Amino acid sequence: VFRTRCCQRSLLQLRGERRASASPRSQTQRRGSFAAGRREPARVLLRAAASASRSAAMSSGAAAVEVYVKAKPGTGATVLGDCPFSARVLLTLEEKAIAHTRHLIDFSDKPQWFLEANPEGKVPVLHHEGKWIADSDVICEHLEGGAFPDARALSPADESTRQVGAAFFGAFVKFFTNGDAAAEPALRDGLAAEVKAIDAALQGKTFLGGDDVCSVDLALYPKLRHMAVACGHYKGFAVPQECAALASYMKAMAKRPSVVDTYYPDEYILEGWQPKLGLSNL
């Protein structure tokens, strides 16, 4: 649940003295996540409309939470980008129904006010109660903690679920960035083994949380999608056919309103990962 509206109140509090000199681009950024009339893929526009419909159900009070996430490069910070860590935070906010304002940051043109407030310039970052909170792990711990006692709890009932897929992203990145032909088979097999382990954890379940999603689902799903798209296109990697539970899981996740509202096209994922292909051999 979010509102794509200008963040004048919070930004005035944070950097009021710079508002008068803000550039046209920064003002465009503050208007929301999707530019009206921009020729983006139809699915993006449909999801923007769905998101706006959900936002209408929110109360009229100002959102206490602001989240800063990756924009698609070259769009003037008007189109949501492909970061899986940003996606995790957005999914968590949506599933917990925490009212928030979403801001997009273009890595190729980070606003000066953002760098001054958040010197590392990384996303995702959360601004809540005067504090800047970085790193998706830390942000999600904050969202699940006592700051939002009325929000839905997302911690898995079974503590062992927290370990599902813990080594998956590392195996994905090592395989994708590998430029050593001799190491390729072992890295491919290592990724396949991690995928199969996730499939095994999903046996008899719709989600890792059981009948409904948990925090582990929200962390893992964006990474799984990035892997399937990027490795499938650039490395010819296919999820093993025997992983039927994982295939059903990916379809079920894709239908959730939270995923629909935070969707970005596969093309964005391909554009984001292409520069990293074979990087470890450079």
# chains A, B, ... in the order shown; residues from 1 in each chain; ligands from 1
>>> select_by_dssp(residues="range 69-130 of chain A", states="alpha helix (DSSP H)", output="ChimeraX atom specification")
/A:84-95,112-117
>>> write_last_selection(atoms="C-alpha atoms", output="PDB file, in the first residue's frame")
ATOM      1  CA  PRO A  84      15.532  -7.188  -5.765  1.00  0.00           C
ATOM      2  CA  PHE A  85      16.437  -5.650  -2.395  1.00  0.00           C
ATOM      3  CA  SER A  86      14.216  -2.637  -3.040  1.00  0.00           C
ATOM      4  CA  ALA A  87      11.493  -5.053  -4.132  1.00  0.00           C
ATOM      5  CA  ARG A  88      11.775  -6.950  -0.846  1.00  0.00           C
ATOM      6  CA  VAL A  89      11.212  -3.797   1.187  1.00  0.00           C
ATOM      7  CA  LEU A  90       8.289  -2.691  -0.984  1.00  0.00           C
ATOM      8  CA  LEU A  91       6.687  -6.126  -0.726  1.00  0.00           C
ATOM      9  CA  THR A  92       7.073  -6.062   3.042  1.00  0.00           C
ATOM     10  CA  LEU A  93       5.409  -2.650   3.297  1.00  0.00           C
ATOM     11  CA  GLU A  94       2.580  -3.824   1.052  1.00  0.00           C
ATOM     12  CA  GLU A  95       1.978  -7.128   2.841  1.00  0.00           C
ATOM     13  CA  GLN A 112      22.124  16.237  -3.829  1.00  0.00           C
ATOM     14  CA  TRP A 113      19.574  16.433  -1.004  1.00  0.00           C
ATOM     15  CA  PHE A 114      19.418  12.622  -0.964  1.00  0.00           C
ATOM     16  CA  LEU A 115      23.205  12.262  -0.790  1.00  0.00           C
ATOM     17  CA  GLU A 116      23.413  14.796   2.023  1.00  0.00           C
ATOM     18  CA  ALA A 117      20.750  12.994   4.036  1.00  0.00           C
TER      19      ALA A 117
END
>>> select_by_dssp(residues="range 37-221 of chain A", states="strand (DSSP E)", output="list in words")
Val65, Glu66, Val67, Tyr68, Val69, Lys70, His100, Thr101, Arg102, His103, Leu104, Ile105, Val125, Leu126, His127, His128, Lys131, Trp132, Ile133 and Ala134 of chain A
>>> closest_residue(among="A:Ala238, A:Ala153, A:Leu126, A:Ala254", to="Val67 in chain A", atoms="only C-alpha atoms")
A:Leu126
>>> closest_residue(among="A:Glu144, A:Asp158, A:Asp189, A:Glu271", to="Lys96 in chain A", atoms="only C-alpha atoms")
A:Glu144
>>> residues_around(residues="Pro185 in chain A", least_positions_apart="5", cutoff="12 Å", atoms="only C-alpha atoms", output="PyMOL selection string")
chain A and resi 174-176+178-180+190-192+235+237
>>> write_last_selection(atoms="N, CA and C atoms", output="mmCIF file, in the first residue's frame")
data_model
loop_
_atom_site.group_PDB
_atom_site.id
_atom_site.type_symbol
_atom_site.label_atom_id
_atom_site.label_comp_id
_atom_site.auth_asym_id
_atom_site.auth_seq_id
_atom_site.Cartn_x
_atom_site.Cartn_y
_atom_site.Cartn_z
ATOM 1 N N LYS A 174 27.583 -15.875 -8.231
ATOM 2 C CA LYS A 174 28.839 -16.512 -8.643
ATOM 3 C C LYS A 174 28.715 -17.123 -10.031
ATOM 4 N N PHE A 175 27.597 -17.775 -10.297
ATOM 5 C CA PHE A 175 27.397 -18.395 -11.613
ATOM 6 C C PHE A 175 27.246 -17.341 -12.692
ATOM 7 N N PHE A 176 26.470 -16.322 -12.411
ATOM 8 C CA PHE A 176 26.202 -15.321 -13.441
ATOM 9 C C PHE A 176 27.450 -14.507 -13.780
ATOM 10 N N ASN A 178 30.549 -15.396 -13.417
ATOM 11 C CA ASN A 178 31.715 -16.197 -13.749
ATOM 12 C C ASN A 178 32.140 -16.016 -15.210
ATOM 13 N N GLY A 179 33.427 -15.827 -15.385
ATOM 14 C CA GLY A 179 33.971 -15.742 -16.741
ATOM 15 C C GLY A 179 34.989 -16.821 -17.021
ATOM 16 N N ASP A 180 35.125 -17.777 -16.106
ATOM 17 C CA ASP A 180 36.092 -18.861 -16.235
ATOM 18 C C ASP A 180 35.367 -20.111 -16.728
ATOM 19 N N GLY A 190 26.076 -25.983 -8.736
ATOM 20 C CA GLY A 190 25.844 -25.402 -7.415
ATOM 21 C C GLY A 190 24.556 -24.599 -7.367
ATOM 22 N N LEU A 191 24.286 -23.838 -8.407
ATOM 23 C CA LEU A 191 23.037 -23.069 -8.469
ATOM 24 C C LEU A 191 21.844 -24.017 -8.563
ATOM 25 N N ALA A 192 21.945 -25.042 -9.395
ATOM 26 C CA ALA A 192 20.851 -26.007 -9.526
ATOM 27 C C ALA A 192 20.547 -26.673 -8.191
ATOM 28 N N LYS A 235 22.679 -17.073 -19.758
ATOM 29 C CA LYS A 235 23.512 -18.241 -19.475
ATOM 30 C C LYS A 235 22.862 -19.564 -19.880
ATOM 31 N N PHE A 237 20.469 -21.091 -18.492
ATOM 32 C CA PHE A 237 20.140 -21.895 -17.318
ATOM 33 C C PHE A 237 18.628 -22.017 -17.182
#
>>> closest_residue(among="A:Asp199, A:Asp82, A:Glu184, A:Glu267", to="His233 in chain A", atoms="only C-alpha atoms")
A:Glu267
>>> atom_distance(atom1="CA of Ile139 in chain A", atom2="CA of Val125 in chain A")
7.4 Å
